[in-house]
>>> print(open('query_39.txt').read())   # compact mmCIF, C-alpha atoms
# COMPACT_ATOMS: atom_id res chain seq x y z
CA MET A 1 79.00 98.04 10.68
CA GLN A 2 78.02 96.40 7.39
CA TYR A 3 78.87 92.76 6.74
CA SER A 4 79.18 91.18 3.32
CA ALA A 5 76.68 88.54 2.32
CA PHE A 6 79.70 86.64 1.00
CA PHE A 7 80.18 85.27 4.49
CA SER A 8 76.75 83.69 4.82
CA ILE A 9 76.55 80.04 5.74
CA LEU A 10 77.91 77.83 2.97
CA ALA A 11 77.05 74.49 4.48
CA LEU A 12 75.19 72.94 7.33
CA PHE A 13 76.34 69.43 8.24
CA LEU A 14 74.19 67.69 10.80
CA TYR A 15 75.49 64.69 12.64
CA SER A 16 75.54 63.24 16.11
CA CYS A 17 78.75 63.19 18.12
CA SER A 18 78.68 62.84 21.89
CA GLY A 19 75.27 64.48 21.90
CA MET A 20 76.36 67.45 19.79
CA GLN A 21 75.12 68.64 16.42
CA ASP A 22 77.74 70.74 14.62
CA MET A 23 77.02 73.67 12.34
CA HIS A 24 80.02 74.35 10.10
CA MET A 25 80.28 77.83 8.66
CA ASP A 26 82.72 79.07 6.04
CA HIS A 27 86.43 78.83 6.90
CA HIS A 28 88.17 81.78 5.27
CA SER A 29 91.05 83.51 7.01
CA SER A 30 89.22 86.85 7.30
CA PRO A 31 88.38 88.03 10.85
CA GLU A 32 84.73 88.44 9.80
CA PRO A 33 82.74 87.87 13.01
CA ALA A 34 80.39 85.03 13.77
CA VAL A 35 76.99 86.63 14.33
CA ILE A 36 74.44 85.01 16.64
CA THR A 37 71.03 86.66 16.98
CA PHE A 38 68.40 85.77 19.55
CA GLY A 39 65.08 86.80 21.02
CA SER A 40 61.99 85.76 22.95
CA CYS A 41 58.32 86.49 23.55
CA SER A 42 56.50 86.66 20.21
CA LYS A 43 52.73 86.92 19.91
CA LEU A 44 50.97 85.84 16.74
CA ASN A 45 48.34 88.58 16.95
CA LYS A 46 50.84 91.43 17.25
CA PRO A 47 52.97 92.96 14.50
CA GLN A 48 56.24 91.07 14.07
CA LEU A 49 58.37 93.89 12.73
CA LEU A 50 61.88 92.82 13.71
CA TRP A 51 62.44 89.78 11.46
CA GLY A 52 63.68 91.89 8.56
CA ASP A 53 66.11 93.70 10.87
CA ILE A 54 67.37 90.38 12.23
CA ALA A 55 67.86 89.05 8.70
CA ALA A 56 69.76 92.23 7.80
CA GLU A 57 72.39 91.27 10.40
CA SER A 58 73.30 88.35 8.07
CA PRO A 59 73.34 86.13 11.14
CA ASP A 60 74.92 82.72 11.23
CA ALA A 61 72.18 81.62 13.61
CA PHE A 62 69.01 82.76 15.35
CA VAL A 63 68.20 81.36 18.80
CA TRP A 64 64.71 81.31 20.29
CA LEU A 65 64.82 81.74 24.09
CA GLY A 66 61.25 80.78 24.82
CA ASP A 67 57.69 82.05 24.49
CA ILE A 68 57.96 81.42 20.77
CA ILE A 69 54.18 81.37 20.83
CA TYR A 70 51.60 81.86 23.54
CA GLY A 71 49.96 78.46 23.75
CA ASP A 72 49.00 78.07 27.42
CA THR A 73 46.91 75.01 26.68
CA GLU A 74 46.65 71.24 27.02
CA ASP A 75 45.12 71.09 23.53
CA MET A 76 48.00 69.81 21.42
CA LYS A 77 46.22 70.51 18.15
CA LEU A 78 45.90 74.17 19.14
CA LEU A 79 49.54 74.28 20.23
CA ARG A 80 50.76 72.77 16.95
CA ASN A 81 48.57 75.12 14.91
CA LYS A 82 50.06 78.14 16.67
CA TYR A 83 53.61 76.95 15.96
CA GLN A 84 52.69 76.37 12.32
CA ALA A 85 51.21 79.85 12.11
CA GLN A 86 54.45 81.33 13.44
CA LYS A 87 56.49 79.27 11.02
CA ALA A 88 54.37 80.58 8.14
CA LYS A 89 54.90 84.26 8.96
CA PRO A 90 56.51 85.55 5.70
CA GLU A 91 59.33 87.53 7.32
CA TYR A 92 60.20 84.72 9.70
CA ALA A 93 60.05 82.19 6.86
CA ALA A 94 62.50 84.37 4.91
CA LEU A 95 64.93 84.30 7.84
CA ARG A 96 64.61 80.51 8.12
CA ARG A 97 65.54 80.05 4.49
CA LYS A 98 69.02 81.50 4.97
CA THR A 99 69.74 81.16 8.70
CA ALA A 100 70.14 78.22 11.06
CA ILE A 101 67.42 78.28 13.75
CA TYR A 102 67.84 76.89 17.27
CA GLY A 103 65.69 77.19 20.35
CA ILE A 104 64.26 76.18 23.68
CA TRP A 105 60.90 76.74 25.29
CA ASP A 106 59.75 78.80 28.24
CA ASP A 107 56.40 78.58 29.98
CA HIS A 108 53.95 79.88 27.38
CA ASP A 109 55.18 77.66 24.56
CA TYR A 110 55.72 74.80 27.02
CA GLY A 111 51.96 74.99 27.56
CA LYS A 112 51.36 76.36 31.08
CA ASN A 113 52.03 79.81 32.46
CA ASP A 114 54.91 79.52 34.97
CA GLY A 115 54.62 75.74 34.58
CA GLY A 116 57.05 73.04 35.61
CA LYS A 117 57.22 69.26 35.79
CA GLU A 118 53.55 69.01 36.78
CA TYR A 119 52.34 69.95 33.27
CA PRO A 120 50.66 66.75 31.97
CA LYS A 121 51.33 67.30 28.24
CA LYS A 122 55.06 68.00 28.43
CA ASP A 123 56.10 65.04 26.29
CA GLU A 124 53.60 65.86 23.55
CA SER A 125 54.58 69.54 23.72
CA LYS A 126 58.24 68.59 23.40
CA GLU A 127 57.70 66.82 20.07
CA ILE A 128 55.74 69.77 18.69
CA LEU A 129 58.56 72.17 19.62
CA LEU A 130 61.22 69.96 18.05
CA ASP A 131 59.16 69.66 14.88
CA PHE A 132 58.85 73.44 14.74
CA LEU A 133 62.65 73.71 15.03
CA ASP A 134 63.11 71.08 12.29
CA ILE A 135 65.27 68.93 14.54
CA ARG A 136 66.01 65.65 12.81
CA SER A 137 64.49 62.43 14.10
CA ASP A 138 67.81 60.87 15.16
CA HIS A 139 69.12 63.87 17.10
CA PRO A 140 69.91 63.01 20.77
CA VAL A 141 67.29 65.48 22.06
CA ARG A 142 64.61 63.24 20.54
CA GLN A 143 65.83 60.35 22.69
CA HIS A 144 65.98 61.84 26.21
CA ALA A 145 63.43 63.53 28.46
CA GLY A 146 63.27 67.31 28.15
CA VAL A 147 64.56 69.60 25.39
CA TYR A 148 68.09 70.46 26.51
CA GLN A 149 70.53 70.49 23.56
CA ASP A 150 73.96 71.70 22.52
CA TYR A 151 75.59 72.67 19.23
CA ILE A 152 79.02 73.66 17.97
CA LEU A 153 78.99 76.66 15.61
CA ASP A 154 82.25 76.76 13.68
CA LYS A 155 83.40 79.75 11.60
CA HIS A 156 86.87 80.97 10.57
CA SER A 157 88.47 78.40 12.92
CA LEU A 158 86.35 79.96 15.68
CA LYS A 159 84.20 77.60 17.70
CA ILE A 160 81.14 78.78 19.63
CA HIS A 161 79.40 76.30 21.91
CA LEU A 162 75.64 76.92 22.17
CA ILE A 163 74.16 75.13 25.19
CA LEU A 164 70.38 75.33 25.61
CA LEU A 165 68.90 74.54 29.03
CA ASP A 166 65.44 73.13 29.74
CA GLU A 167 64.04 74.94 32.78
CA ARG A 168 60.49 73.57 32.56
CA TYR A 169 60.35 69.81 32.10
CA PHE A 170 62.07 68.90 35.40
CA ARG A 171 61.36 72.00 37.49
CA ASP A 172 59.84 71.59 40.95
CA PRO A 173 56.86 73.72 42.02
CA LEU A 174 56.98 77.21 43.48
CA GLU A 175 54.57 78.80 45.92
CA ARG A 176 53.26 82.26 45.00
CA PRO A 177 51.18 83.84 47.75
CA ASN A 178 49.93 87.33 46.88
CA GLY A 179 51.65 87.11 43.48
CA VAL A 180 55.17 86.91 44.93
CA TYR A 181 57.24 83.76 44.42
CA GLN A 182 58.71 82.23 47.56
CA PRO A 183 62.20 80.72 47.38
CA ASN A 184 62.38 76.94 47.00
CA ASP A 185 65.58 76.03 48.84
CA THR A 186 65.41 72.30 48.18
CA GLY A 187 63.82 71.93 44.75
CA THR A 188 65.43 71.60 41.33
CA ILE A 189 65.19 73.48 38.05
CA LEU A 190 67.20 71.21 35.77
CA GLY A 191 66.87 67.77 37.36
CA GLU A 192 69.91 65.63 38.14
CA THR A 193 70.22 64.03 34.72
CA GLN A 194 70.37 67.40 33.00
CA TRP A 195 72.83 68.68 35.63
CA LYS A 196 75.20 65.80 34.87
CA TRP A 197 74.84 66.41 31.14
CA LEU A 198 75.60 70.11 31.58
CA ALA A 199 78.73 69.45 33.64
CA GLN A 200 80.03 66.92 31.12
CA THR A 201 79.19 69.19 28.19
CA LEU A 202 81.11 72.10 29.69
CA ASP A 203 84.06 69.88 30.63
CA ASN A 204 84.33 68.53 27.10
CA SER A 205 83.72 71.80 25.27
CA PRO A 206 86.15 72.46 22.40
CA ALA A 207 84.88 76.01 22.00
CA ASP A 208 86.52 79.43 22.22
CA VAL A 209 83.41 80.89 23.85
CA VAL A 210 80.30 79.32 25.43
CA LEU A 211 76.76 80.67 25.03
CA ILE A 212 74.22 79.38 27.56
CA GLY A 213 70.56 79.73 26.54
CA SER A 214 68.24 80.18 29.53
CA GLY A 215 64.53 80.92 29.27
CA THR A 216 64.52 82.81 32.58
CA GLN A 217 67.06 85.22 34.02
CA VAL A 218 70.03 83.84 35.96
CA PHE A 219 71.64 86.83 37.71
CA PRO A 220 68.92 89.36 38.69
CA GLU A 221 67.69 88.73 42.23
CA GLU A 222 65.45 91.60 43.25
CA HIS A 223 62.36 91.30 41.05
CA ARG A 224 59.35 89.22 42.12
CA PHE A 225 58.86 87.22 38.92
CA GLU A 226 60.28 83.95 37.62
CA LYS A 227 64.07 83.75 37.91
CA TRP A 228 66.84 81.37 38.88
CA ALA A 229 67.06 83.15 42.24
CA ASN A 230 63.72 81.56 43.17
CA PHE A 231 65.78 78.37 43.53
CA PRO A 232 68.83 79.70 45.44
CA ARG A 233 70.64 76.37 45.65
CA GLU A 234 70.22 75.72 41.94
CA ARG A 235 71.39 79.22 41.03
CA THR A 236 74.51 78.85 43.17
CA ARG A 237 75.21 75.47 41.60
CA LEU A 238 74.93 76.93 38.09
CA ILE A 239 77.13 79.92 38.86
CA ARG A 240 79.84 77.72 40.37
CA LEU A 241 79.74 75.45 37.35
CA LEU A 242 80.09 78.39 34.96
CA GLU A 243 82.85 79.94 37.09
CA ALA A 244 84.85 76.74 36.66
CA SER A 245 84.77 77.07 32.87
CA PRO A 246 88.18 77.85 31.34
CA LYS A 247 86.32 79.54 28.45
CA PRO A 248 84.39 82.84 28.46
CA VAL A 249 80.68 82.29 29.18
CA ILE A 250 77.79 84.48 28.00
CA ILE A 251 74.24 83.73 29.17
CA LEU A 252 71.37 84.52 26.79
CA SER A 253 67.96 84.86 28.45
CA GLY A 254 64.45 86.10 27.73
CA ASP A 255 61.04 86.16 29.45
CA ARG A 256 60.97 89.62 31.03
CA HIS A 257 59.38 91.80 28.31
CA PHE A 258 62.27 94.21 28.48
CA GLY A 259 65.96 93.88 27.72
CA GLU A 260 69.12 94.40 29.75
CA ILE A 261 72.76 93.37 29.99
CA SER A 262 74.15 92.15 33.31
CA MET A 263 77.62 91.22 34.57
CA PHE A 264 78.33 88.85 37.44
CA PRO A 265 81.75 89.37 39.10
CA SER A 266 82.76 85.74 38.83
CA LYS A 267 85.38 84.10 41.04
CA GLY A 268 86.48 82.18 37.97
CA LYS A 269 88.82 83.13 35.16
CA TYR A 270 86.39 85.60 33.55
CA PRO A 271 83.37 87.69 34.56
CA ILE A 272 80.11 86.14 33.35
CA TYR A 273 77.74 88.26 31.29
CA GLU A 274 74.00 87.84 30.72
CA VAL A 275 72.07 89.42 27.86
CA THR A 276 68.30 89.42 28.32
CA SER A 277 66.40 90.06 25.09
CA SER A 278 62.61 90.41 25.37
CA SER A 279 60.22 91.05 23.76
CA LEU A 280 60.08 90.65 20.01
CA THR A 281 56.50 91.94 19.91
CA HIS A 282 55.32 93.37 23.25
CA THR A 283 57.50 94.96 25.90
CA PHE A 284 56.33 96.23 29.29
CA PRO A 285 57.50 99.45 30.95
CA VAL A 286 60.12 99.00 33.68
CA ARG A 287 59.39 101.14 36.72
CA ASP A 288 62.74 101.50 38.44
CA GLU A 289 63.21 97.75 38.79
CA PRO A 290 66.53 97.19 40.57
CA ASN A 291 69.20 94.84 39.28
CA LYS A 292 72.56 95.26 40.97
CA TYR A 293 74.28 93.42 38.12
CA ARG A 294 72.85 95.59 35.31
CA LEU A 295 75.17 97.42 32.95
CA GLY A 296 73.72 100.49 31.27
CA GLN A 297 69.96 100.97 31.06
CA PRO A 298 66.96 98.66 30.62
CA VAL A 299 65.53 98.51 27.09
CA THR A 300 61.78 99.04 27.13
CA ILE A 301 61.06 98.85 23.40
CA ASN A 302 60.76 95.71 21.27
CA ASN A 303 64.22 94.29 20.80
CA TYR A 304 66.42 91.42 19.69
CA GLY A 305 69.88 90.40 20.85
CA VAL A 306 73.13 90.06 18.92
CA VAL A 307 76.43 88.44 19.88
CA LYS A 308 79.32 89.09 17.49
CA VAL A 309 82.48 87.08 18.05
CA THR A 310 85.73 87.86 16.25
CA ASN A 311 88.86 85.77 16.63
CA THR A 312 92.19 87.45 15.88
CA LYS A 313 95.77 86.39 16.47
CA ASP A 314 96.01 88.10 19.85
CA GLN A 315 92.50 88.17 21.27
CA LEU A 316 88.87 87.19 21.12
CA GLN A 317 86.46 90.11 20.78
CA VAL A 318 82.83 89.65 21.82
CA VAL A 319 80.28 92.39 21.18
CA LEU A 320 76.98 92.14 23.08
CA GLN A 321 74.12 94.18 21.63
CA LEU A 322 70.43 94.82 22.09
CA LYS A 323 68.84 96.23 18.95
CA ALA A 324 65.46 97.68 18.10
CA ASP A 325 63.49 98.71 15.01
CA ASN A 326 65.62 99.39 11.92
CA GLY A 327 68.59 97.72 13.57
CA GLN A 328 69.12 100.60 16.01
CA THR A 329 71.61 99.65 18.72
CA VAL A 330 70.08 100.58 22.08
CA GLU A 331 72.57 98.88 24.41
CA GLU A 332 76.07 97.58 23.69
CA HIS A 333 79.13 96.25 25.54
CA THR A 334 82.37 95.03 23.99
CA LEU A 335 84.49 92.40 25.71
CA PHE A 336 88.10 91.40 25.00
CA TYR A 337 89.70 88.08 25.95
CA LYS A 338 93.45 87.60 25.48
CA HIS A 339 94.59 84.31 23.95
>>> encode(input="query_39.txt", output="structure tokens")
Amino acid sequence: MQYSAFFSILALFLYSCSGMQDMHMDHHSSPEPAVITFGSCSKLNKPQLLWGDIAAESPDAFVWLGDIIYGDTEDMKLLRNKYQAQKAKPEYAALRRKTAIYGIWDDHDYGKNDGGKEYPKKDESKEILLDFLDIRSDHPVRQHAGVYQDYILDKHSLKIHLILLDERYFRDPLERPNGVYQPNDTGTILGETQWKWLAQTLDNSPADVVLIGSGTQVFPEEHRFEKWANFPRERTRLIRLLEASPKPVIILSGDRHFGEISMFPSKGKYPIYEVTSSSLTHTFPVRDEPNKYRLGQPVTINNYGVVKVTNTKDQLQVVLQLKADNGQTVEEHTLFYKH
């Protein structure tokens, strides 16, 4: 479907209100959808061919879901230089000029492969990430530990709440004998302060739909790599919190170097969906990896994610898409929520 450039962002007002930064989009009565694009895993030394396709979506926002760069270092000059090199990529720079950019880190841009709270440069790395994202100096995320943030995206009287989780800064260690992570039944991913913030943020959400940004996958359980299921207690706590939401919740995740859409049969008001988009530059083949929550097929070519939300008189329509080169839709699911 083609969308008119007339509905691009007219204004971006940044201010602090209960920890939220609001992005106000145009307020015409047309049911033109809000378009949120997202992706993860981008290497500087590989062709970055999808930025033009992402820009062609005329998105209201693009959300990084981690591995923005591959730093893997305690050298902060090197880390900053890599972020600056990504920012200077012409196609990405063109997207930035007309699209609001948000994001969180995962391990490789955090600075340590599979790293957690033990990484000694996490505070310095945080400031470099926030500078890359052009987050203003008085934003609440500059004042607290970690990089968790939330934003209200407002278009056509439709409010989307973007909540970005930090799964690195506070995360307890994992043991990995023979390359297989062992469950940590007592440790934390988010840390108690972030847990309290998340609960309060969800309770106070004014949105029609909630998007949760997670660097690692929440629902898949079977694979041996990083995932929320490595911390079973934390995963259960998150799912119960999301099930209690009176609003539809969509999780956006990255990390895996392939894409997929999952659905969790929630005990709450609505099923919870997860869209994993990875990688922007280098996917890996999936060899029959099980995921009992998967809808459709895994996407093993470079991809980006799209969420399109349309608010009409009778219902909220949410389209979840994974797209590849030339904007080709390779996986799609459409959801309807009655008012």
>>> atom_distance(input="query_39.txt", atom1="atom CA of Asn302 of chain A", atom2="atom CA of Gln84 of chain A")
22.8 Å
>>> residues_around(input="query_39.txt", residues="Lys87 of chain A", least_positions_apart="2", cutoff="12 Å", atoms="all atoms listed in the file", output="VMD selection string")
chain A and resid 42 44 68 to 69 80 to 85 89 to 97 101 129 131 to 134
>>> atom_distance(input="query_39.txt", atom1="atom CA of Gly213 of chain A", atom2="atom CA of Lys121 of chain A")
23.0 Å
>>> closest_atom_pairs(input="query_39.txt", of="segment 43-99 of chain A", to="segment 151-175 of chain A", cutoff="12 Å", atoms="all atoms listed in the file", output="Markdown table")
| residue | atom | partner | partner_atom | distance |
| --- | --- | --- | --- | --- |
| A:Pro59 | CA | A:Leu153 | CA | 11.9 |
| A:Asp60 | CA | A:Leu153 | CA | 8.5 |
| A:Ala61 | CA | A:Leu153 | CA | 8.7 |
| A:Phe62 | CA | A:Leu162 | CA | 11.2 |
| A:Val63 | CA | A:Leu162 | CA | 9.3 |
| A:Trp64 | CA | A:Leu164 | CA | 9.8 |
| A:Leu65 | CA | A:Leu164 | CA | 8.6 |
| A:Gly66 | CA | A:Asp166 | CA | 10.0 |
>>> residues_near_point(input="query_39.txt", point="(76.7, 64.8, 33.0)", cutoff="12 Å", atoms="only C-alpha atoms", output="short mmCIF file (atom, residue, chain, number, x, y, z; two decimals) with C-alpha atoms, in the frame of the given file")
data_model
loop_
_atom_site.label_atom_id
_atom_site.label_comp_id
_atom_site.auth_asym_id
_atom_site.auth_seq_id
_atom_site.Cartn_x
_atom_site.Cartn_y
_atom_site.Cartn_z
CA SER A 18 78.68 62.84 21.89
CA GLY A 19 75.27 64.48 21.90
CA LEU A 190 67.20 71.21 35.77
CA GLY A 191 66.87 67.77 37.36
CA GLU A 192 69.91 65.63 38.14
CA THR A 193 70.22 64.03 34.72
CA GLN A 194 70.37 67.40 33.00
CA TRP A 195 72.83 68.68 35.63
CA LYS A 196 75.20 65.80 34.87
CA TRP A 197 74.84 66.41 31.14
CA LEU A 198 75.60 70.11 31.58
CA ALA A 199 78.73 69.45 33.64
CA GLN A 200 80.03 66.92 31.12
CA THR A 201 79.19 69.19 28.19
CA LEU A 202 81.11 72.10 29.69
CA ASP A 203 84.06 69.88 30.63
CA ASN A 204 84.33 68.53 27.10
CA LEU A 241 79.74 75.45 37.35
#
>>> atom_distance(input="query_39.txt", atom1="atom CA of Val286 of chain A", atom2="atom CA of Thr300 of chain A")
6.8 Å
>>> residues_near_point(input="query_39.txt", point="(78.0, 89.0, 24.9)", cutoff="10 Å", atoms="all atoms listed in the file", output="tab-separated table (two decimals) with C-alpha atoms, keeping the file's coordinate frame")
chain	number	residue	atom	x	y	z
A	36	ILE	CA	74.44	85.01	16.64
A	209	VAL	CA	83.41	80.89	23.85
A	210	VAL	CA	80.30	79.32	25.43
A	211	LEU	CA	76.76	80.67	25.03
A	248	PRO	CA	84.39	82.84	28.46
A	249	VAL	CA	80.68	82.29	29.18
A	250	ILE	CA	77.79	84.48	28.00
A	251	ILE	CA	74.24	83.73	29.17
A	252	LEU	CA	71.37	84.52	26.79
A	261	ILE	CA	72.76	93.37	29.99
A	262	SER	CA	74.15	92.15	33.31
A	263	MET	CA	77.62	91.22	34.57
A	272	ILE	CA	80.11	86.14	33.35
A	273	TYR	CA	77.74	88.26	31.29
A	274	GLU	CA	74.00	87.84	30.72
A	275	VAL	CA	72.07	89.42	27.86
A	305	GLY	CA	69.88	90.40	20.85
A	306	VAL	CA	73.13	90.06	18.92
A	307	VAL	CA	76.43	88.44	19.88
A	308	LYS	CA	79.32	89.09	17.49
A	309	VAL	CA	82.48	87.08	18.05
A	317	GLN	CA	86.46	90.11	20.78
A	318	VAL	CA	82.83	89.65	21.82
A	319	VAL	CA	80.28	92.39	21.18
A	320	LEU	CA	76.98	92.14	23.08
A	321	GLN	CA	74.12	94.18	21.63
A	322	LEU	CA	70.43	94.82	22.09
A	332	GLU	CA	76.07	97.58	23.69
A	333	HIS	CA	79.13	96.25	25.54
A	334	THR	CA	82.37	95.03	23.99
A	335	LEU	CA	84.49	92.40	25.71
>>> residues_around(input="query_39.txt", residues="Val218 of chain A", least_positions_apart="4", cutoff="10 Å", atoms="all atoms listed in the file", output="list of chain:residue names")
A:Ser214, A:Glu226, A:Lys227, A:Trp228, A:Ala229, A:Asn230, A:Arg235, A:Thr236, A:Leu238, A:Ile239, A:Ile251, A:Leu252, A:Ser253, A:Ser262, A:Phe264, A:Glu274, A:Thr276
>>> closest_residue(input="query_39.txt", among="A:Asp114, A:Glu57, A:Glu32, A:Glu243", to="Lys323 of chain A", atoms="only C-alpha atoms")
A:Glu57
>>> closest_residue(input="query_39.txt", among="A:Gly179, A:Thr188, A:Asn303, A:His282", to="Asn45 of chain A", atoms="all atoms listed in the file")
A:His282
>>> closest_residue(input="query_39.txt", among="A:Pro232, A:Leu316, A:Ile135, A:His144", to="Gln182 of chain A", atoms="all atoms listed in the file")
A:Pro232
>>> closest_residue(input="query_39.txt", among="A:Pro33, A:Pro140, A:Gly111, A:Gly52", to="Asp67 of chain A", atoms="all atoms listed in the file")
A:Gly111
>>> closest_residue(input="query_39.txt", among="A:Pro220, A:Pro206, A:Pro177, A:Gly259", to="Lys292 of chain A", atoms="only C-alpha atoms")
A:Pro220
>>> decode(input="query_39.txt", residues="segment 310-325 of chain A", atoms="N, CA and C atoms", output="PDB file, in the first residue's frame")
ATOM      1  N   THR A 310      -3.788   1.581  12.766  1.00  0.00           N
ATOM      2  CA  THR A 310      -4.858   2.434  12.262  1.00  0.00           C
ATOM      3  C   THR A 310      -6.006   2.434  13.257  1.00  0.00           C
ATOM      4  N   ASN A 311      -6.463   3.617  13.597  1.00  0.00           N
ATOM      5  CA  ASN A 311      -7.563   3.766  14.556  1.00  0.00           C
ATOM      6  C   ASN A 311      -8.809   4.229  13.810  1.00  0.00           C
ATOM      7  N   THR A 312      -9.854   3.416  13.830  1.00  0.00           N
ATOM      8  CA  THR A 312     -11.121   3.799  13.230  1.00  0.00           C
ATOM      9  C   THR A 312     -12.183   3.891  14.324  1.00  0.00           C
ATOM     10  N   LYS A 313     -13.387   4.225  13.928  1.00  0.00           N
ATOM     11  CA  LYS A 313     -14.461   4.407  14.901  1.00  0.00           C
ATOM     12  C   LYS A 313     -14.736   3.131  15.687  1.00  0.00           C
ATOM     13  N   ASP A 314     -14.662   1.988  15.015  1.00  0.00           N
ATOM     14  CA  ASP A 314     -15.087   0.740  15.629  1.00  0.00           C
ATOM     15  C   ASP A 314     -13.951  -0.131  16.144  1.00  0.00           C
ATOM     16  N   GLN A 315     -12.735   0.056  15.595  1.00  0.00           N
ATOM     17  CA  GLN A 315     -11.684  -0.882  15.960  1.00  0.00           C
ATOM     18  C   GLN A 315     -10.298  -0.288  15.728  1.00  0.00           C
ATOM     19  N   LEU A 316      -9.342  -0.950  16.338  1.00  0.00           N
ATOM     20  CA  LEU A 316      -7.927  -0.653  16.150  1.00  0.00           C
ATOM     21  C   LEU A 316      -7.358  -1.782  15.291  1.00  0.00           C
ATOM     22  N   GLN A 317      -6.727  -1.420  14.187  1.00  0.00           N
ATOM     23  CA  GLN A 317      -6.096  -2.412  13.324  1.00  0.00           C
ATOM     24  C   GLN A 317      -4.585  -2.285  13.449  1.00  0.00           C
ATOM     25  N   VAL A 318      -3.916  -3.414  13.712  1.00  0.00           N
ATOM     26  CA  VAL A 318      -2.463  -3.437  13.836  1.00  0.00           C
ATOM     27  C   VAL A 318      -1.919  -4.459  12.847  1.00  0.00           C
ATOM     28  N   VAL A 319      -1.071  -3.993  11.940  1.00  0.00           N
ATOM     29  CA  VAL A 319      -0.445  -4.870  10.954  1.00  0.00           C
ATOM     30  C   VAL A 319       1.019  -5.059  11.346  1.00  0.00           C
ATOM     31  N   LEU A 320       1.427  -6.317  11.513  1.00  0.00           N
ATOM     32  CA  LEU A 320       2.803  -6.665  11.849  1.00  0.00           C
ATOM     33  C   LEU A 320       3.467  -7.220  10.602  1.00  0.00           C
ATOM     34  N   GLN A 321       4.611  -6.658  10.226  1.00  0.00           N
ATOM     35  CA  GLN A 321       5.271  -7.074   8.992  1.00  0.00           C
ATOM     36  C   GLN A 321       6.769  -7.249   9.195  1.00  0.00           C
ATOM     37  N   LEU A 322       7.336  -8.201   8.486  1.00  0.00           N
ATOM     38  CA  LEU A 322       8.766  -8.286   8.270  1.00  0.00           C
ATOM     39  C   LEU A 322       8.996  -8.092   6.782  1.00  0.00           C
ATOM     40  N   LYS A 323       9.901  -7.176   6.455  1.00  0.00           N
ATOM     41  CA  LYS A 323      10.140  -6.826   5.056  1.00  0.00           C
ATOM     42  C   LYS A 323      11.617  -6.975   4.712  1.00  0.00           C
ATOM     43  N   ALA A 324      11.858  -7.213   3.436  1.00  0.00           N
ATOM     44  CA  ALA A 324      13.212  -7.433   2.947  1.00  0.00           C
ATOM     45  C   ALA A 324      13.547  -6.423   1.858  1.00  0.00           C
ATOM     46  N   ASP A 325      14.546  -6.736   1.051  1.00  0.00           N
ATOM     47  CA  ASP A 325      15.026  -5.827   0.011  1.00  0.00           C
ATOM     48  C   ASP A 325      13.884  -5.393  -0.905  1.00  0.00           C
TER      49      ASP A 325
END
